[in-house]
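> Sharing input_22.txt, compact mmCIF, C-alpha atoms:
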```
# COMPACT_ATOMS: atom_id res chain seq x y z
CA MET F 166 126.11 90.69 4.46
CA THR F 167 128.58 91.82 7.13
CA ASP F 168 129.71 95.38 7.77
CA ALA F 169 132.66 96.70 5.79
CA PRO F 170 135.03 99.58 6.61
CA PRO F 171 134.66 102.81 4.63
CA LEU F 172 136.12 102.92 1.15
CA SER F 173 139.77 103.95 1.16
CA THR F 174 141.17 106.72 -1.02
CA ASP F 175 142.53 104.08 -3.39
CA GLU F 176 139.13 102.40 -3.59
CA LEU F 177 137.35 105.69 -4.22
CA ARG F 178 139.62 106.27 -7.21
CA ARG F 179 139.46 102.65 -8.37
CA TYR F 180 135.64 102.54 -8.36
CA ALA F 181 135.08 106.13 -9.51
CA ARG F 182 133.01 105.06 -12.54
CA HIS F 183 130.72 103.05 -10.28
CA LEU F 184 130.33 105.88 -7.80
CA VAL F 185 128.85 108.23 -10.41
CA LEU F 186 126.17 105.69 -11.33
CA ALA F 187 122.99 106.66 -9.50
CA GLU F 188 121.95 103.00 -9.31
CA ILE F 189 125.17 102.06 -7.49
CA GLY F 190 126.94 105.08 -6.02
CA GLY F 191 128.60 104.97 -2.61
CA PRO F 192 126.01 102.73 -0.91
CA GLY F 193 126.12 100.22 -3.75
CA GLN F 194 129.91 100.12 -3.74
CA GLN F 195 129.86 99.55 0.01
CA ALA F 196 127.39 96.71 -0.57
CA LEU F 197 129.79 95.16 -3.08
CA LYS F 198 132.60 95.44 -0.56
CA ARG F 199 130.48 93.71 2.08
CA ALA F 200 129.31 90.97 -0.27
CA LYS F 201 130.58 87.41 -0.14
CA VAL F 202 130.16 85.64 -3.49
CA LEU F 203 130.91 81.98 -4.18
CA VAL F 204 131.88 80.99 -7.73
CA ILE F 205 131.65 77.31 -8.62
CA GLY F 206 134.35 76.54 -11.18
CA ALA F 207 137.45 78.51 -12.10
CA GLY F 208 137.20 77.59 -15.77
CA GLY F 209 135.51 79.02 -18.84
CA LEU F 210 132.52 80.59 -17.08
CA GLY F 211 134.20 81.15 -13.73
CA SER F 212 137.10 83.06 -15.26
CA PRO F 213 135.18 86.14 -16.49
CA VAL F 214 132.87 85.94 -13.47
CA ALA F 215 135.80 86.09 -11.05
CA LEU F 216 137.69 88.77 -12.93
CA TYR F 217 134.73 91.11 -13.32
CA LEU F 218 133.54 90.63 -9.75
CA ALA F 219 137.06 91.32 -8.50
CA ALA F 220 137.29 94.41 -10.68
CA ALA F 221 133.89 95.54 -9.37
CA GLY F 222 135.08 95.37 -5.77
CA ILE F 223 133.38 92.29 -4.32
CA GLY F 224 134.84 92.03 -0.84
CA THR F 225 135.10 88.26 -0.53
CA LEU F 226 135.29 85.95 -3.51
CA GLY F 227 135.12 82.21 -2.91
CA LEU F 228 136.32 79.88 -5.66
CA ALA F 229 135.50 76.16 -5.71
CA ASP F 230 137.48 73.95 -8.09
CA ASP F 231 139.58 70.79 -7.85
CA ASP F 232 141.23 70.85 -11.27
CA THR F 233 144.60 71.87 -12.71
CA VAL F 234 145.31 74.06 -15.73
CA SER F 235 145.81 72.27 -19.05
CA LEU F 236 146.79 73.64 -22.45
CA SER F 237 143.32 73.06 -23.92
CA ASN F 238 141.81 75.29 -21.19
CA LEU F 239 143.59 78.41 -22.40
CA GLN F 240 141.32 78.97 -25.41
CA ARG F 241 138.62 80.21 -23.01
CA GLN F 242 139.76 80.13 -19.36
CA ILE F 243 141.23 83.62 -19.16
CA LEU F 244 142.15 83.45 -15.48
CA HIS F 245 145.09 81.28 -16.49
CA GLY F 246 148.09 81.57 -18.80
CA THR F 247 150.61 79.32 -20.49
CA ALA F 248 152.96 79.48 -17.49
CA ASP F 249 150.17 78.08 -15.30
CA ILE F 250 149.85 74.73 -17.12
CA GLY F 251 149.91 71.97 -14.52
CA ARG F 252 149.15 74.30 -11.61
CA SER F 253 146.07 74.27 -9.45
CA LYS F 254 143.42 76.50 -11.00
CA LEU F 255 142.80 77.96 -7.56
CA ASP F 256 146.42 79.03 -7.18
CA SER F 257 146.49 80.52 -10.66
CA ALA F 258 143.16 82.29 -10.12
CA ARG F 259 144.18 83.75 -6.78
CA GLU F 260 147.31 85.25 -8.31
CA ALA F 261 145.40 86.71 -11.26
CA ILE F 262 142.79 88.27 -9.01
CA GLY F 263 145.47 89.65 -6.70
CA ARG F 264 147.14 91.37 -9.63
CA LEU F 265 143.83 92.89 -10.66
CA ASN F 266 142.53 94.05 -7.27
CA PRO F 267 144.41 93.59 -3.98
CA HIS F 268 141.32 94.68 -2.01
CA VAL F 269 139.51 91.41 -2.78
CA GLU F 270 139.83 88.50 -0.36
CA VAL F 271 139.99 85.23 -2.29
CA VAL F 272 138.89 82.10 -0.42
CA PRO F 273 139.84 78.85 -2.20
CA HIS F 274 137.79 75.66 -1.87
CA ALA F 275 139.73 72.77 -3.38
CA LEU F 276 136.82 70.43 -3.98
CA ARG F 277 134.18 69.29 -6.45
CA LEU F 278 131.05 70.50 -4.72
CA ASP F 279 128.28 67.99 -4.04
CA ALA F 280 125.30 67.53 -1.73
CA GLU F 281 127.47 66.24 1.10
CA ASN F 282 130.36 68.73 1.16
CA GLY F 283 128.53 71.77 -0.20
CA ALA F 284 126.31 72.85 2.69
CA ALA F 285 129.06 74.36 4.82
CA VAL F 286 130.64 76.06 1.81
CA VAL F 287 127.44 77.58 0.46
CA GLY F 288 126.36 78.70 3.92
CA ALA F 289 129.33 81.07 4.22
CA TYR F 290 128.30 83.24 1.25
CA ASP F 291 125.58 85.71 0.28
CA ILE F 292 125.35 84.92 -3.43
CA VAL F 293 126.37 81.83 -5.43
CA ILE F 294 127.27 81.61 -9.12
CA ASP F 295 127.23 78.24 -10.85
CA GLY F 296 129.85 77.97 -13.57
CA SER F 297 130.12 74.18 -13.36
CA ASP F 298 130.23 71.86 -16.36
CA ASN F 299 128.11 68.91 -15.19
CA PHE F 300 124.49 68.27 -14.30
CA ALA F 301 125.20 66.58 -10.96
CA THR F 302 126.79 69.74 -9.60
CA ARG F 303 124.07 71.99 -11.03
CA TYR F 304 121.23 70.07 -9.39
CA ALA F 305 123.07 69.64 -6.09
CA LEU F 306 123.95 73.33 -5.97
CA ALA F 307 120.40 74.41 -6.77
CA ASP F 308 119.10 72.25 -3.89
CA LEU F 309 121.73 73.57 -1.47
CA CYS F 310 121.05 77.20 -2.34
CA GLU F 311 117.29 76.72 -1.99
CA ALA F 312 117.68 75.04 1.40
CA GLN F 313 119.97 77.81 2.68
CA GLU F 314 118.06 80.63 0.98
CA LYS F 315 120.98 81.84 -1.11
CA PRO F 316 120.28 83.43 -4.50
CA LEU F 317 121.88 81.42 -7.30
CA VAL F 318 123.04 82.72 -10.67
CA THR F 319 123.34 79.75 -13.01
CA ALA F 320 124.89 79.75 -16.48
CA ALA F 321 125.48 77.03 -19.04
CA VAL F 322 127.20 76.94 -22.44
CA GLN F 323 127.50 74.60 -25.40
CA ARG F 324 129.20 75.14 -28.76
CA PHE F 325 128.03 78.60 -29.90
CA SER F 326 125.23 79.20 -27.39
CA GLY F 327 124.43 79.57 -23.73
CA SER F 328 121.76 80.29 -21.15
CA LEU F 329 121.47 82.22 -17.91
CA THR F 330 118.93 82.63 -15.12
CA VAL F 331 118.71 83.63 -11.45
CA LEU F 332 117.06 81.41 -8.85
CA ALA F 333 115.60 82.47 -5.52
CA PRO F 334 112.79 79.96 -4.87
CA PHE F 335 112.50 81.05 -1.25
CA ARG F 336 111.24 84.50 -2.34
CA ARG F 337 107.77 85.46 -3.56
CA ASP F 338 106.75 87.58 -6.51
CA GLY F 339 104.35 90.52 -6.37
CA ALA F 340 101.36 88.20 -6.46
CA GLY F 341 102.61 86.18 -3.49
CA GLN F 342 103.67 83.20 -5.61
CA LEU F 343 106.92 81.50 -4.69
CA LEU F 344 109.56 82.03 -7.37
CA PRO F 345 110.51 78.96 -9.45
CA ARG F 346 113.06 76.33 -8.65
CA TYR F 347 115.74 74.95 -10.94
CA ARG F 348 113.60 71.82 -11.37
CA ASP F 349 110.65 73.92 -12.54
CA LEU F 350 112.86 74.85 -15.48
CA PHE F 351 114.70 71.54 -15.90
CA PRO F 352 112.72 68.82 -14.06
CA GLU F 353 115.34 66.09 -14.42
CA PRO F 354 118.91 65.74 -15.63
CA PRO F 355 119.16 64.41 -19.17
CA PRO F 356 120.14 60.75 -19.57
CA ALA F 357 123.87 60.13 -19.33
CA GLY F 358 125.57 60.69 -22.67
CA LEU F 359 122.67 62.59 -24.26
CA VAL F 360 124.28 66.03 -23.91
CA PRO F 361 127.89 66.01 -25.14
CA THR F 362 130.61 67.65 -23.08
CA CYS F 363 132.58 70.64 -24.31
CA ALA F 364 135.45 68.28 -25.07
CA GLU F 365 133.15 66.23 -27.29
CA ALA F 366 131.08 68.96 -28.95
CA GLY F 367 133.49 71.88 -28.80
CA ILE F 368 132.93 75.39 -27.45
CA LEU F 369 133.61 78.80 -28.95
CA GLY F 370 135.82 80.39 -26.30
CA VAL F 371 134.15 83.79 -26.32
CA VAL F 372 130.76 82.21 -25.53
CA THR F 373 132.00 81.48 -22.01
CA GLY F 374 133.17 85.08 -21.80
CA ILE F 375 129.76 86.43 -22.82
CA LEU F 376 127.78 84.23 -20.43
CA GLY F 377 130.27 84.63 -17.60
CA THR F 378 130.19 88.41 -17.92
CA LEU F 379 126.39 88.40 -17.92
CA ALA F 380 126.44 86.19 -14.80
CA ALA F 381 128.76 88.66 -13.07
CA ALA F 382 126.35 91.47 -13.95
CA GLU F 383 123.48 89.57 -12.33
CA ALA F 384 125.51 89.04 -9.16
CA ILE F 385 126.35 92.74 -8.99
CA LYS F 386 122.66 93.57 -9.37
CA LEU F 387 121.77 91.15 -6.58
CA ALA F 388 124.42 92.61 -4.27
CA THR F 389 123.50 96.25 -4.88
CA GLY F 390 119.77 96.01 -5.52
CA ALA F 391 120.18 97.68 -8.91
CA GLY F 392 117.93 96.76 -11.81
CA GLU F 393 115.81 93.65 -12.30
CA PRO F 394 117.53 90.26 -11.92
CA LEU F 395 116.68 87.35 -14.22
CA LEU F 396 114.25 85.82 -11.72
CA GLY F 397 111.77 83.60 -13.51
CA ARG F 398 113.41 84.48 -16.80
CA LEU F 399 115.78 82.32 -18.83
CA LEU F 400 118.07 84.27 -21.15
CA LEU F 401 119.14 82.37 -24.28
CA VAL F 402 122.20 83.52 -26.23
CA ASP F 403 122.96 82.35 -29.78
CA THR F 404 126.23 83.81 -31.02
CA LEU F 405 126.03 82.31 -34.51
CA ARG F 406 122.99 84.48 -35.24
CA MET F 407 123.84 86.92 -32.41
CA ARG F 408 120.38 86.68 -30.96
CA PHE F 409 119.27 87.13 -27.38
CA GLU F 410 115.91 85.65 -26.43
CA GLU F 411 114.03 85.39 -23.15
CA ILE F 412 111.74 82.67 -21.87
CA ARG F 413 109.61 83.30 -18.79
CA TYR F 414 108.95 80.37 -16.48
CA ARG F 415 107.02 79.90 -13.24
CA ARG F 416 106.58 77.50 -10.39
CA PRO F 417 103.52 75.29 -10.93
CA LYS F 418 100.48 76.59 -9.05
CA SER F 419 100.17 73.27 -7.24
CA ALA F 420 103.61 73.89 -5.67
CA ARG F 421 102.69 77.15 -3.90
```
Once more with this new file: its structure as structure tokens, please.


Amino acid sequence: MTDAPPLSTDELRRYARHLVLAEIGGPGQQALKRAKVLVIGAGGLGSPVALYLAAAGIGTLGLADDDTVSLSNLQRQILHGTADIGRSKLDSAREAIGRLNPHVEVVPHALRLDAENGAAVVGAYDIVIDGSDNFATRYALADLCEAQEKPLVTAAVQRFSGSLTVLAPFRRDGAGQLLPRYRDLFPEPPPAGLVPTCAEAGILGVVTGILGTLAAAEAIKLATGAGEPLLGRLLLVDTLRMRFEEIRYRRPKSAR
């Protein structure tokens, strides 16, 4: 993370509730200001991620998306409004973030990230958050982040449920074991057509808000060093029963 100038008077007032938290305080807020976070997708998951990271004072926020706003997005994609229908999601998102916090630099990436175009994009950031809606992007992003040693917060949603974990397979745990990869959790993408899309199966709008907000919290923890990230832990959220469960997973011993 690069150096950042001291917090201005406006920033000290804006982040006052952070500054009184012993786990964050002035050093943590400075770390947030220095941080460069890349968010993949400016949709259902990316919307709360981007808004809460901007509100928290992330210095540089990269957004990668190649889509435009449609009416059916507005049930869950809270970065955008009715007047934005037909606009680039990146343009709409940049305006929304600017209204919320002018201290945040928004860097748009008008692309659908893949193994070929993603390396240069990922390499410019400290932390990456995957809010994509397809398996090809998830696997490509996990590989890119592992190769470039970037921690990855990855969230997924379907209907009334979702999941969240943090990946840093280039780090070791207290026993010296390398932390797990995405493929240690999900070895292969499911066959095409097996998992329905949100358009096919539906999605409760607030589920993206819950998982996106949790993903933003993990990114803030990674940037500041506060708390214990979801490394080697998969958080499962079921909003119909309002249950939160955790599954621990590891890298196979043969892969040390």

> Give as number ranges by chain the set of residues within 8 Å of the point (126.8, 72.2, -23.7), where distances use the file's coordinates and all atoms listed in the file.

F: 321-324, 327, 360-363, 366, 368

> In terms of the shortest atom-to-atom distance over all atoms listed in the file, which of F:Arg336, F:Arg348, F:His274, F:Arg406 is closest to Val204 of chain F?

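Closest to Val204 of chain F of all the choices is F:His274.
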
> Set the distance at 10 Å and use only C-alpha atoms: which residues neighbour Asp256 of chain F once local chain neighbours fewer than 5 positions away are removed? I'd like the list as a short mmCIF file (atom, residue, chain, number, x, y, z; two decimals) with C-alpha atoms, in the coordinates of the input.


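Saved the output as part_7.cif:
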```cif
data_model
loop_
_atom_site.label_atom_id
_atom_site.label_comp_id
_atom_site.auth_asym_id
_atom_site.auth_seq_id
_atom_site.Cartn_x
_atom_site.Cartn_y
_atom_site.Cartn_z
CA THR F 233 144.60 71.87 -12.71
CA VAL F 234 145.31 74.06 -15.73
CA HIS F 245 145.09 81.28 -16.49
CA ASP F 249 150.17 78.08 -15.30
CA ALA F 261 145.40 86.71 -11.26
CA PRO F 273 139.84 78.85 -2.20
CA ALA F 275 139.73 72.77 -3.38
#
```

> Do a neighbour search on Thr319 of chain F at 8 Å with only C-alpha atoms, toss out local chain neighbours closer than 6 positions, and write the hits as a PyMOL selection string.

chain F and resi 294-296+329-332+380

> Those selected residues, please, written with C-alpha atoms and delivered as a PDB file, keeping the file's coordinate frame.


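This is the output file selection06.pdb:
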```pdb
ATOM      1  CA  ILE F 294     127.270  81.610  -9.120  1.00  0.00           C
ATOM      2  CA  ASP F 295     127.230  78.240 -10.850  1.00  0.00           C
ATOM      3  CA  GLY F 296     129.850  77.970 -13.570  1.00  0.00           C
ATOM      4  CA  LEU F 329     121.470  82.220 -17.910  1.00  0.00           C
ATOM      5  CA  THR F 330     118.930  82.630 -15.120  1.00  0.00           C
ATOM      6  CA  VAL F 331     118.710  83.630 -11.450  1.00  0.00           C
ATOM      7  CA  LEU F 332     117.060  81.410  -8.850  1.00  0.00           C
ATOM      8  CA  ALA F 380     126.440  86.190 -14.800  1.00  0.00           C
TER       9      ALA F 380
END
```

> Would you compute the distance between atom CA of Leu184 of chain F and atom CA of Ala169 of chain F? Give it in Å to one decimal.

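About the pair atom CA of Leu184 of chain F and atom CA of Ala169 of chain F: they are 16.6 Å apart.
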
> How many Å separate atom CA of Val372 of chain F from atom CA of Asp291 of chain F?

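Answer for the atom CA of Val372 of chain F to atom CA of Asp291 of chain F separation: 26.6 Å.
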
> Near Val272 of chain F, counting all atoms listed in the file, which residues have an atom at most 7 Å away, once you skip same-chain residues fewer than 4 positions from it, shown as a list in words?

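What passes the distance filter is Leu226, Gly227 and Leu228 of chain F.
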
> Under the rule that all atoms listed in the file are counted, which of F:Gly339, F:Gly370, F:Pro171, F:Gly377 is the nearest residue to Pro213 of chain F?

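Closest to Pro213 of chain F of all the choices is F:Gly377.
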